[in-house]
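Structure record follows, encoded as structure tokens.
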Amino acid sequence: MMIREEMEIISHERIAEDTYRMVLLGDLPAEIKQPGQFVHILIDQSDSLRRPISIADADPAKGTLTILYKILGKGTAALSKMQSGDHLDVLGPGGNGFLIDSISAERALLVGGGIGVPPLYYLARQLKEKGIEVTTVLGFQHEASVFFEEEFRELGEVFVTTNDGSYGNKGFVTDILPDLDGRFDTYFSCGPAVMLKAVSEKLDGYEGYLSIEERLGCGVGACFACVVQAPEGDAKGYRKICHDGPVFRTGEVIL
Amino acid sequence: MMIREEMEIISHERIAEDTYRMVLLGDLPAEIKQPGQFVHILIDQSDSLRRPISIADADPAKGTLTILYKILGKGTAALSKMQSGDHLDVLGPGGNGFLIDSISAERALLVGGGIGVPPLYYLARQLKEKGIEVTTVLGFQHEASVFFEEEFRELGEVFVTTNDGSYGNKGFVTDILPDLDGRFDTYFSCGPAVMLKAVSEKLDGYEGYLSIEERLGCGVGACFACVVQAPEGDAKGYRKICHDGPVFRTGEVIL
Amino acid sequence: MTKLNLSLPGLDLKNPIMPASGCFGFGKEFSEFYDLSELGAIIIKAATGETRYGNPTPRVAETSAGMLNAIGLQNPGVDRIISDELPYLSNYDTPVIANVAGSTVEEYVEVAEKISQSSTIKALELNISCPNVKEGGVQFGTDAALAAEVTRQVKQASEVPVYVKLSPNVTDIVGMAKAVEKAGADGLSMINTLTGMRLDLQRRKPIIANQTGGLSGPAIKPIAIRMIYQVYQEVDLPIIGMGGIETVDDIIEFLFAGASAVAVGSANFKNPFICKELIDQFPEAMERYGFDQVEEMIGGAHR
Amino acid sequence: MTKLNLSLPGLDLKNPIMPASGCFGFGKEFSEFYDLSELGAIIIKAATGETRYGNPTPRVAETSAGMLNAIGLQNPGVDRIISDELPYLSNYDTPVIANVAGSTVEEYVEVAEKISQSSTIKALELNISCPNVKEGGVQFGTDAALAAEVTRQVKQASEVPVYVKLSPNVTDIVGMAKAVEKAGADGLSMINTLTGMRLDLQRRKPIIANQTGGLSGPAIKPIAIRMIYQVYQEVDLPIIGMGGIETVDDIIEFLFAGASAVAVGSANFKNPFICKELIDQFPEAMERYGFDQVEEMIGGAHR
Ligand SMILES: Cc1cc2nc3c(=O)[nH]c(=O)nc-3n(C[C@H](O)[C@H](O)[C@H](O)COP(=O)(O)OP(=O)(O)OC[C@H]3O[C@@H](n4cnc5c(N)ncnc54)[C@H](O)[C@@H]3O)c2cc1C
Ligand SMILES: Cc1cc2nc3c(=O)[nH]c(=O)nc-3n(C[C@H](O)[C@H](O)[C@H](O)COP(=O)(O)OP(=O)(O)OC[C@H]3O[C@@H](n4cnc5c(N)ncnc54)[C@H](O)[C@@H]3O)c2cc1C
Ligand SMILES: Cc1cc2nc3c(=O)[nH]c(=O)nc-3n(C[C@H](O)[C@H](O)[C@H](O)COP(=O)(O)O)c2cc1C
Ligand SMILES: Cc1cc2nc3c(=O)[nH]c(=O)nc-3n(C[C@H](O)[C@H](O)[C@H](O)COP(=O)(O)O)c2cc1C
Ligand code: FES
Ligand code: FES
């Protein structure tokens with residue numbers, strides 16, 4: 001069930017260029033169903049809209065969850081100014097994540113781009129726990145923006161690409177994919193729309209799950225701000241990212 | 001000269017019901033010309049208008065000034081939440097105060113009502129320093145709202161009235177005035193419009209100075225939000241409270 | 001005892017607070033947060049004759065003390081609303097108001113006729129003010145003759161009272177209100193959103209794919225209060241007031257201006273519990289201003 | 001080298017940033033805060049034929065991300081503005097724009113004729129949009145035929161170019177803009193304030209003595225941007241844009257929408273140094289978005 005609560009910030013640190021990790025404490029983590037869900041944060045009470053941020057990790061027993069975010073505009077800039085001990089108005093957990101319980105994967109490929117990396121970490125941890133082998137490809141702009149490489153390495157093999165080659169392999173995540181052919185049966189991806197499109201084209205034929213972003217209104221499925229079109233023939237014709245997603249099976253929606 | 005600066009709050013405390021004293025530190029106090037001037041405070045950067053608050057005391061040498069304010073609405077409520085060490089966006093000193101240098105008073109009567117009391121304190125201190133005898137009448141709603149009686153007592157005789165009689169004399173400041181006839185030559189008053197009107201009628205014939213309130217816009221004399229009418233025949237026809245006032249000689253403006 | 005309830009045409013309200021159309025879907029999502037029976041009423045998302053997909057995304061953008069939206073009347077169409085959405089709402093002890101939209105007078109009439117036959121629907125809100133669709137919607141709301149015509153025809157077709165939702169994007173709001181009053185409206189609902197735009201400075205294009213969107217939120221409250229105040233003086237219809245409501249003080253301001261009840265829109269996005277919280281806080285607020293009956297507060301600023 | 005200057009009818013601007021009418025008096029007060037020669041231009045307070053005292057107080061109220069004002073065109077009258085206020089402004093190397101108001105076409109013409117003869121005045125801003133006076137002002141700004149008529153006559157009387165200041169309180173802003181373009185306007189200035197109201201809940205009356213007031217500030221920016229964007233597409237006149245500007249990003253949004261220059265109004269009340277600060281910050285902001293000439297930015301969202 002989604003709840004709304006004032007969560008306490010128990011740690012907050014910069015982990016890469018404009019990128020921060022924040023750990024929050026409260027009752028909300030106990031409600032998390034799957035990796036890939038998000039929290040909807042009211043950063044300032046005078047804001048009109050909440051900001052959706054993926055749950056990057058969680059420890060329901062301890063009541064903690066981790067978010068990783070990048071400063072993009074007004075809201076995330078304000079968020080970065082907050083300090084341990086401050087409280088944050090959080091609504092969540094929202095949406096449907098990666099349905100790992102119903103997945104019969106044995107070897108998983110995770111493909112994350114930039115600030116799309118966070119939800120994959122919680123996913124990777126849970127896949128590993130289920131005994132599924134995890135290979136990860138992470139794409140960043142340049143060296144300064146790389147984060148969580150080590151964390152993923154603890155869970156399996158990791159490839160890093162940067163657009164300018166300043167770290168890891170030069171190029172895009174899709175440049176790595178051909179080398180990995182045959183080393184996985186299911187893939188999971190999150191990142192900018194163009195990347196998701198390219199990844200799903202390259203990995204056509206594999207079972208795949210994509211986490212999609214769009215500007216949200218309510219975040220609870222009521223306002224139709226966040227719809228994405230479903231393919232011709234679909235009964236409803238659309239999906240709500242905040243409610244039906246943000247994670248969809250490839251082909252379920254038109255990228 | 002008016003300046004704008006981030007002043008540091010160096011003390012802040014509740015002194016009566018909904019009433020607070022705050023001491024601010026900065027360069028602005030050095031610019032104060034007279035008692036009766038005000039500072040124009042931007043309490044929250046998202047506010048559209050500043051709030052005018054009288055300078056209740058100042059020590060230009062130390063760079064401090066004191067304000068006393070009452071919680072009335074959104075702005076003053078937010079102000080009351082601020083803490084020592086916080087900074088406040090202050091513009092000032094604004095307006096023309098009590099022109100004590102050009103006043104030939106020997107015995108002064110000060111009449112303050114409620115949150116009109118503050119500017120009279122700085123005035124009283126300066127009158128006293130000039131060797132002028134000070135008698136003060138302070139009116140409040142009830143016992144819980146009384147403040148600064150002791151401070152004024154150090155400077156001269158003090159009479160307190162409360163509307164409900166819960167402290168001092170029951171009634172209005174004007175009830176005291178007849179008893180004081182002949183004990184002063186000049187009076188100074190600040191308080192709600194109705195009180196100022198009543199006081200100036202009771203004390204007709206005396207030289208008197210009134211500090212007037214109105215909702216301000218710019219606070220610097222540019223927007224014409226704060227005008228008050230001058231009597232028939234006046235060349236300009238009006239005065240700006242923020243710029244020509246807030247202190248006016250009786251008769252200079254229509255109450 | 002404070003008396004929160006009041007009766008308006010077609011509506012027995014247990015309190016004057018309801019969610020605004022388009023900001024509450026068909027209620028289901030919010031039923032996870034609180035019991036919908038607590039609401040004074042529910043205004044559901046706009047219904048059109050056929051399924052509409054709406055505008056491309058992005059459909060929302062934040063602005064100072066407000067937001068823009070251009071959903072474009074996405075909805076499953078009147079038939080599926082009746083078959084799939086209304087049955088669920090009939091479980092609650094709360095009057096449901098259907099928001100009726102269309103591209104032509106015929107479509108308005110068709111939707112009104114069908115949905116007003118549902119026993120769940122206690123009134124219609126005639127949406128002649130949606131600024132986010134190319135056809136229909138706002139041109140009916142900015143031309144007094146068209147507004148009167150669609151009101152007249154919908155009134156004939158409807159089994160339940162009709163509240164006409166006025167657009168604030170007009171020179172003469174009182175003229176619009178009088179026109180629909182004369183055409184037989186049972187009530188007014190005001191205001192819908194103001195047409196606005198925000199640019200993405202990086203892309204140098206409007207953020208909202210539809211370019212313009214409807215501005216809602218506290219930013220527009222002074223305009224809503226002004227329009228309701230003016231219309232209350234000239235028109236003899238009950239008004240459901242809306243536009244930027246976030247607090248009980250806001251609600252009281254709308255009632256004093258002349259609204260008989262209020263709807264809360266965008267604030268549901270900041271806080272999905274807002275309607276319930278406002279309902280809980282309302283009796284105390286009434287007392288603070290010296291009232292024990294909602295009815296006494298209506299138009300309080302005009303006395 | 002970034003090129004901040006540009007030429008508009010009658011105006012050689014060293015930068016596109018100026019204070020808006022009514023928010024800067026006749027400049028004198030702000031000359032204590034910075035050198036007025038730094039400003040792109042100065043738009044002075046409205047001038048009418050005779051001295052006007054204006055509306056009773058209170059004249060201002062705060063709203064969410066905005067404020068209401070109903071000054072009511074208080075001013076010393078055109079003759080005393082010419083004799084008492086303009087000489088001081090002529091000391092500065094900044095074009096001065098006179099805001100011209102009136103109750104009748106004749107009054108507009110009289111004021112325009114007189115003040116445009118001053119060598120200090122480089123252009124007129126024809127204020128047909130003041131919502132805060134009973135007579136004149138906004139009715140000229142909400143009726144296209146009247147707007148055209150007053151524009152035509154003022155154009156004939158004026159020695160300097162005429163920018164017509166449009167009211168946003170209209171159904172069809174593009175129609176208004178086209179009407180004054182056809183009538184000979186040299187430019188547009190938009191937007192004036194939206195008519196709004198706020199109630200004092202204790203007194204149960206409007207806070208502003210005039211009841212309604214003009215809403216300005218960031219709250220109205222999305223409406224200003226939308227209107228300028230729409231007018232830029234249909235009308236071939238330079239636009240001085242205004243409505244809620246507080247930051248250099250706001251200015252860039254106005255330029256991209258189609259404004260050639262901008263005016264800063266209520267923000268002067270929050271921060272009397274705002275115009276100078278924005279001018280200082282502007283070159284860097286231009287660079288950040290990849291521009292080195294203001295002219296290239298104008299209408300950037302339309303390409
Ligand atoms: C399901 C989901 C999960 C996300 N997870 C993360 C995450 O883990 N870490 C992270 O850094 N970011 C994540 N994002 C993107 C994040 O929501 C935006 O970067 C953030 O809202 C930008 O807010 P802002 O105030 O800084 O930007 P502004 O541009 O000032 O925001 C203005 C408005 O636009 C919306 N907005 C702007 N950009 C985006 C965007 N790319 N996606 C969605 N809304 C946007 C904001 O929510 C806000 O309503 C996620 C988005 C979605 C939809
Ligand atoms: C020259 C001058 C000196 C003042 N000195 C003091 C003082 O020393 N101590 C003190 O407590 N108060 C003083 N006041 C009154 C004080 O400015 C208001 O109480 C305060 O602005 C209320 O703000 P708010 O946000 O709490 O109320 P809100 O009602 O939320 O304010 C909304 C707006 O209305 C204005 N406003 C509301 N009430 C008043 C009022 N009575 N006078 C002027 N503006 C008002 C506010 O400034 C603001 O712009 C003074 C006023 C003036 C004009
Ligand atoms: C996302 C969104 C969708 C809306 N959809 C509708 C709609 O379908 N029909 C309608 O009449 N009004 C619609 N509105 C307008 C609201 O019902 C309301 O009139 C307006 O938002 C002002 O209220 P607020 O400021 O409380 O949001 C919508 C508003 C928003 C924000
Ligand atoms: C206090 C005040 C007085 C104003 N007086 C005038 C005026 O005399 N003439 C005029 O054309 N506009 C006047 N305006 C409107 C402004 O020039 C400007 O168009 C409007 O405020 C929007 O800009 P802003 O949001 O930056 O304030 C006034 C605005 C305010 C706030
Ligand atoms: S954000 Fe409102 S339905 Fe998804
Ligand atoms: S407040 Fe602007 S002139 Fe006094």
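Residues in the structure tokens are numbered from 1 in each chain, the chains being A, B, ... in the order shown, and ligands are numbered from 1 in the order shown.
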
Using only C-alpha atoms, determine which residues lie at most 12 Å from D:Asn271, disregarding the query and same-chain residues fewer than 2 positions distant; provide the list as a ChimeraX atom specification. /B:3-5,40-42,45-50,89-92,217-220 /D:23-24,30,33,246-247,264-269,273-278

Go ahead and save the residues from that selection, with N, CA, C and O atoms, as a short mmCIF file (atom, residue, chain, number, x, y, z; two decimals), in the first residue's frame.
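This is the output file part28.cif:
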```
data_model
loop_
_atom_site.label_atom_id
_atom_site.label_comp_id
_atom_site.auth_asym_id
_atom_site.auth_seq_id
_atom_site.Cartn_x
_atom_site.Cartn_y
_atom_site.Cartn_z
N ILE B 3 20.01 50.52 2.72
CA ILE B 3 20.78 49.43 2.13
C ILE B 3 19.97 48.14 2.24
O ILE B 3 18.97 48.08 2.94
N ARG B 4 20.41 47.14 1.51
CA ARG B 4 19.79 45.84 1.60
C ARG B 4 20.87 44.87 2.01
O ARG B 4 21.92 44.81 1.38
N GLU B 5 20.62 44.14 3.08
CA GLU B 5 21.64 43.17 3.46
C GLU B 5 21.02 41.97 4.17
O GLU B 5 19.88 42.03 4.65
N HIS B 40 12.42 46.91 6.28
CA HIS B 40 11.46 46.26 5.40
C HIS B 40 12.04 44.87 5.13
O HIS B 40 13.07 44.73 4.49
N ILE B 41 11.35 43.84 5.66
CA ILE B 41 11.96 42.51 5.74
C ILE B 41 11.32 41.55 4.74
O ILE B 41 10.09 41.42 4.68
N LEU B 42 12.17 40.88 3.98
CA LEU B 42 11.68 39.80 3.11
C LEU B 42 11.83 38.50 3.91
O LEU B 42 12.91 37.94 4.02
N GLN B 45 11.91 34.08 0.69
CA GLN B 45 12.23 34.53 -0.67
C GLN B 45 11.05 34.32 -1.63
O GLN B 45 10.99 34.94 -2.69
N SER B 46 10.11 33.44 -1.27
CA SER B 46 8.97 33.24 -2.16
C SER B 46 7.83 34.22 -1.86
O SER B 46 6.84 34.25 -2.58
N ASP B 47 7.96 35.02 -0.83
CA ASP B 47 6.96 36.07 -0.59
C ASP B 47 7.03 37.12 -1.70
O ASP B 47 8.09 37.31 -2.31
N SER B 48 5.93 37.79 -1.94
CA SER B 48 5.93 38.84 -2.95
C SER B 48 6.17 40.22 -2.36
O SER B 48 6.56 41.14 -3.05
N LEU B 49 5.88 40.35 -1.10
CA LEU B 49 6.03 41.65 -0.45
C LEU B 49 6.87 41.52 0.82
O LEU B 49 6.79 40.52 1.53
N ARG B 50 7.63 42.55 1.07
CA ARG B 50 8.34 42.64 2.34
C ARG B 50 7.38 43.04 3.45
O ARG B 50 6.26 43.46 3.17
N ASP B 89 16.77 38.84 5.11
CA ASP B 89 16.94 39.82 4.04
C ASP B 89 16.25 41.13 4.44
O ASP B 89 15.02 41.22 4.42
N VAL B 90 17.04 42.10 4.83
CA VAL B 90 16.48 43.35 5.38
C VAL B 90 16.84 44.53 4.48
O VAL B 90 17.98 44.67 4.03
N LEU B 91 15.84 45.37 4.23
CA LEU B 91 16.04 46.61 3.48
C LEU B 91 15.73 47.75 4.44
O LEU B 91 14.72 47.72 5.13
N GLY B 92 16.60 48.74 4.50
CA GLY B 92 16.31 49.84 5.40
C GLY B 92 17.55 50.66 5.68
O GLY B 92 18.58 50.47 5.05
N GLY B 217 3.80 48.59 -0.37
CA GLY B 217 4.29 47.82 -1.52
C GLY B 217 5.80 47.88 -1.48
O GLY B 217 6.45 47.13 -0.76
N CYS B 218 6.36 48.83 -2.25
CA CYS B 218 7.81 48.93 -2.38
C CYS B 218 8.51 49.29 -1.08
O CYS B 218 9.62 48.83 -0.82
N GLY B 219 7.90 50.17 -0.29
CA GLY B 219 8.56 50.63 0.93
C GLY B 219 9.62 51.68 0.69
O GLY B 219 10.29 52.12 1.63
N VAL B 220 9.80 52.10 -0.56
CA VAL B 220 10.86 53.07 -0.85
C VAL B 220 10.32 54.34 -1.52
O VAL B 220 11.09 55.19 -1.96
N CYS D 23 5.99 50.53 -11.12
CA CYS D 23 6.78 49.79 -10.13
C CYS D 23 8.11 50.48 -9.86
O CYS D 23 8.97 49.94 -9.17
N PHE D 24 8.27 51.67 -10.42
CA PHE D 24 9.58 52.33 -10.38
C PHE D 24 9.39 53.83 -10.21
O PHE D 24 10.33 54.59 -10.28
N PHE D 30 14.98 54.97 -6.97
CA PHE D 30 15.90 53.89 -7.28
C PHE D 30 17.30 54.40 -7.62
O PHE D 30 18.26 53.64 -7.60
N PHE D 33 19.82 53.59 -5.28
CA PHE D 33 20.33 52.22 -5.17
C PHE D 33 21.37 51.90 -6.25
O PHE D 33 22.27 51.12 -6.03
N GLU D 246 11.61 37.52 -12.51
CA GLU D 246 12.45 37.62 -11.30
C GLU D 246 13.89 37.19 -11.54
O GLU D 246 14.75 37.48 -10.73
N THR D 247 14.13 36.41 -12.61
CA THR D 247 15.46 35.86 -12.83
C THR D 247 15.88 36.03 -14.30
O THR D 247 15.04 36.29 -15.16
N VAL D 264 10.52 44.64 -15.81
CA VAL D 264 10.45 43.99 -14.50
C VAL D 264 9.59 44.85 -13.58
O VAL D 264 9.90 46.03 -13.39
N GLY D 265 8.52 44.28 -13.08
CA GLY D 265 7.58 45.05 -12.28
C GLY D 265 7.68 44.78 -10.80
O GLY D 265 8.60 45.26 -10.12
N SER D 266 6.76 43.97 -10.29
CA SER D 266 6.66 43.76 -8.84
C SER D 266 7.96 43.32 -8.20
O SER D 266 8.16 43.53 -7.00
N ALA D 267 8.84 42.67 -8.96
CA ALA D 267 10.08 42.17 -8.35
C ALA D 267 10.92 43.31 -7.78
O ALA D 267 11.73 43.09 -6.88
N ASN D 268 10.71 44.56 -8.27
CA ASN D 268 11.40 45.69 -7.67
C ASN D 268 11.03 45.90 -6.21
O ASN D 268 11.77 46.54 -5.47
N PHE D 269 9.87 45.39 -5.82
CA PHE D 269 9.44 45.57 -4.42
C PHE D 269 10.15 44.57 -3.51
O PHE D 269 10.44 44.87 -2.35
N PHE D 273 17.19 46.30 -6.04
CA PHE D 273 18.36 46.22 -6.90
C PHE D 273 18.15 45.27 -8.08
O PHE D 273 19.06 45.03 -8.86
N ILE D 274 16.94 44.72 -8.20
CA ILE D 274 16.75 43.60 -9.13
C ILE D 274 17.14 43.94 -10.57
O ILE D 274 17.81 43.14 -11.23
N CYS D 275 16.76 45.10 -11.08
CA CYS D 275 17.05 45.39 -12.49
C CYS D 275 18.55 45.40 -12.74
O CYS D 275 19.04 44.82 -13.71
N LYS D 276 19.27 46.05 -11.86
CA LYS D 276 20.72 46.09 -12.03
C LYS D 276 21.32 44.68 -11.92
O LYS D 276 22.18 44.30 -12.71
N GLU D 277 20.84 43.92 -10.96
CA GLU D 277 21.39 42.56 -10.80
C GLU D 277 21.12 41.71 -12.04
O GLU D 277 21.99 40.97 -12.49
N LEU D 278 19.93 41.83 -12.59
CA LEU D 278 19.61 41.04 -13.78
C LEU D 278 20.48 41.47 -14.97
O LEU D 278 20.94 40.64 -15.74
#
```

May I have the residues of chain D within 7 Å of chain B, counting only C-alpha atoms, written as a list in words? Gly22, Cys23, Phe24, Gly25, Glu29, Pro58, Arg59, Val60, Glu62, Ala65, Gly66, Met67, Ile71, Phe269 and Lys270 of chain D

DSSP helix (DSSP H, G or I) residues within stretch 182-255 of chain A, as a list in words: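 Answer for stretch 182-255 of chain A, restricted to helix (DSSP H, G or I): Ala193, Val194, Met195, Leu196, Lys197, Ala198, Val199, Ser200, Glu201 and Lys202 of chain A.
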
Name the residues, by chain letter and number, that sit within 8 Å of ligand 2 using only C-alpha atoms and all ligand atoms, and give them as a VMD selection string. (chain B and resid 19 37 to 39 48 to 56 67 to 78 95 115 to 119 211 to 217 241 to 242 245 to 246) or (chain D and resid 60 to 62)

For B:Leu255, work out the shell of residues within 12 Å, counting only C-alpha atoms and skipping chain neighbours fewer than 3 positions away, then give it as a ChimeraX atom specification. /B:192-201,210-214,227-231,238-239,248-252

Selected residues written out with N, CA, C and O atoms, as a JSON list (two decimals), in the first residue's frame:
```
[["chain", "number", "residue", "atom", "x", "y", "z"],
["B", 192, "PRO", "N", -2.83, 51.59, 16.51],
["B", 192, "PRO", "CA", -3.86, 51.42, 15.49],
["B", 192, "PRO", "C", -4.49, 52.77, 15.11],
["B", 192, "PRO", "O", -4.52, 53.70, 15.93],
["B", 193, "ALA", "N", -4.99, 52.84, 13.88],
["B", 193, "ALA", "CA", -5.55, 54.09, 13.36],
["B", 193, "ALA", "C", -6.61, 54.69, 14.28],
["B", 193, "ALA", "O", -6.59, 55.90, 14.55],
["B", 194, "VAL", "N", -7.51, 53.85, 14.78],
["B", 194, "VAL", "CA", -8.56, 54.39, 15.67],
["B", 194, "VAL", "C", -7.97, 55.03, 16.91],
["B", 194, "VAL", "O", -8.45, 56.06, 17.38],
["B", 195, "MET", "N", -6.93, 54.42, 17.45],
["B", 195, "MET", "CA", -6.30, 54.98, 18.64],
["B", 195, "MET", "C", -5.65, 56.32, 18.32],
["B", 195, "MET", "O", -5.82, 57.30, 19.06],
["B", 196, "LEU", "N", -4.93, 56.37, 17.21],
["B", 196, "LEU", "CA", -4.26, 57.62, 16.85],
["B", 196, "LEU", "C", -5.26, 58.75, 16.70],
["B", 196, "LEU", "O", -5.03, 59.88, 17.13],
["B", 197, "LYS", "N", -6.39, 58.42, 16.10],
["B", 197, "LYS", "CA", -7.42, 59.42, 15.90],
["B", 197, "LYS", "C", -7.95, 59.93, 17.25],
["B", 197, "LYS", "O", -8.04, 61.14, 17.47],
["B", 198, "ALA", "N", -8.23, 58.98, 18.12],
["B", 198, "ALA", "CA", -8.76, 59.35, 19.44],
["B", 198, "ALA", "C", -7.73, 60.15, 20.22],
["B", 198, "ALA", "O", -8.07, 61.17, 20.86],
["B", 199, "VAL", "N", -6.48, 59.73, 20.17],
["B", 199, "VAL", "CA", -5.43, 60.43, 20.91],
["B", 199, "VAL", "C", -5.29, 61.85, 20.39],
["B", 199, "VAL", "O", -5.23, 62.82, 21.16],
["B", 200, "SER", "N", -5.26, 61.99, 19.06],
["B", 200, "SER", "CA", -5.02, 63.33, 18.52],
["B", 200, "SER", "C", -6.20, 64.26, 18.80],
["B", 200, "SER", "O", -6.03, 65.46, 18.95],
["B", 201, "GLU", "N", -7.39, 63.67, 18.90],
["B", 201, "GLU", "CA", -8.54, 64.52, 19.25],
["B", 201, "GLU", "C", -8.46, 64.96, 20.72],
["B", 201, "GLU", "O", -8.64, 66.13, 21.05],
["B", 210, "LEU", "N", 2.66, 61.59, 15.04],
["B", 210, "LEU", "CA", 1.99, 60.29, 14.97],
["B", 210, "LEU", "C", 2.69, 59.40, 13.98],
["B", 210, "LEU", "O", 3.08, 59.83, 12.89],
["B", 211, "SER", "N", 2.83, 58.15, 14.34],
["B", 211, "SER", "CA", 3.41, 57.18, 13.41],
["B", 211, "SER", "C", 2.27, 56.31, 12.88],
["B", 211, "SER", "O", 1.52, 55.70, 13.64],
["B", 212, "ILE", "N", 2.14, 56.26, 11.56],
["B", 212, "ILE", "CA", 0.96, 55.69, 10.92],
["B", 212, "ILE", "C", 1.31, 54.40, 10.17],
["B", 212, "ILE", "O", 2.39, 54.27, 9.61],
["B", 213, "GLU", "N", 0.35, 53.47, 10.14],
["B", 213, "GLU", "CA", 0.56, 52.21, 9.44],
["B", 213, "GLU", "C", -0.34, 52.08, 8.22],
["B", 213, "GLU", "O", -1.47, 52.54, 8.24],
["B", 214, "GLU", "N", 0.16, 51.46, 7.21],
["B", 214, "GLU", "CA", -0.65, 51.09, 6.05],
["B", 214, "GLU", "C", 0.06, 49.93, 5.35],
["B", 214, "GLU", "O", 1.25, 49.74, 5.55],
["B", 227, "VAL", "N", -0.23, 55.71, 0.32],
["B", 227, "VAL", "CA", -0.51, 57.13, 0.50],
["B", 227, "VAL", "C", -1.59, 57.39, 1.54],
["B", 227, "VAL", "O", -2.47, 56.56, 1.78],
["B", 228, "VAL", "N", -1.49, 58.53, 2.13],
["B", 228, "VAL", "CA", -2.51, 59.00, 3.06],
["B", 228, "VAL", "C", -2.80, 60.44, 2.65],
["B", 228, "VAL", "O", -1.92, 61.17, 2.20],
["B", 229, "GLN", "N", -4.07, 60.81, 2.75],
["B", 229, "GLN", "CA", -4.46, 62.11, 2.23],
["B", 229, "GLN", "C", -3.98, 63.25, 3.13],
["B", 229, "GLN", "O", -3.97, 63.13, 4.35],
["B", 230, "ALA", "N", -3.59, 64.34, 2.49],
["B", 230, "ALA", "CA", -3.24, 65.56, 3.24],
["B", 230, "ALA", "C", -4.47, 66.46, 3.26],
["B", 230, "ALA", "O", -5.37, 66.29, 2.44],
["B", 231, "PRO", "N", -4.52, 67.39, 4.20],
["B", 231, "PRO", "CA", -5.72, 68.22, 4.28],
["B", 231, "PRO", "C", -5.88, 69.08, 3.02],
["B", 231, "PRO", "O", -4.91, 69.38, 2.33],
["B", 238, "TYR", "N", -1.15, 64.62, -0.75],
["B", 238, "TYR", "CA", -0.99, 63.31, -0.12],
["B", 238, "TYR", "C", 0.40, 63.19, 0.47],
["B", 238, "TYR", "O", 1.28, 64.02, 0.18],
["B", 239, "ARG", "N", 0.59, 62.20, 1.29],
["B", 239, "ARG", "CA", 1.92, 61.83, 1.77],
["B", 239, "ARG", "C", 2.10, 60.34, 1.59],
["B", 239, "ARG", "O", 1.12, 59.58, 1.67],
["B", 248, "PHE", "N", 4.27, 61.58, 11.12],
["B", 248, "PHE", "CA", 3.79, 62.87, 10.64],
["B", 248, "PHE", "C", 3.42, 63.76, 11.83],
["B", 248, "PHE", "O", 3.02, 63.26, 12.88],
["B", 249, "ARG", "N", 3.54, 65.05, 11.60],
["B", 249, "ARG", "CA", 3.07, 65.99, 12.60],
["B", 249, "ARG", "C", 1.55, 65.98, 12.54],
["B", 249, "ARG", "O", 0.97, 65.83, 11.48],
["B", 250, "THR", "N", 0.87, 66.12, 13.67],
["B", 250, "THR", "CA", -0.60, 66.13, 13.65],
["B", 250, "THR", "C", -1.06, 67.21, 12.68],
["B", 250, "THR", "O", -0.50, 68.29, 12.64],
["B", 251, "GLY", "N", -2.09, 66.87, 11.92],
["B", 251, "GLY", "CA", -2.62, 67.84, 10.97],
["B", 251, "GLY", "C", -1.97, 67.76, 9.60],
["B", 251, "GLY", "O", -2.51, 68.25, 8.62],
["B", 252, "GLU", "N", -0.81, 67.10, 9.54],
["B", 252, "GLU", "CA", -0.14, 67.01, 8.24],
["B", 252, "GLU", "C", -0.89, 66.08, 7.31],
["B", 252, "GLU", "O", -0.88, 66.24, 6.09]]
```

When the cut-off is 7 Å and you count only C-alpha atoms and all ligand atoms, which residues lie near ligand 3, shown as a ChimeraX atom specification? /A:217,223,225 /C:20-23,45-46,68-69,71,73,99,127,129-130,165,190-193,216-218,220,242-245,263-267
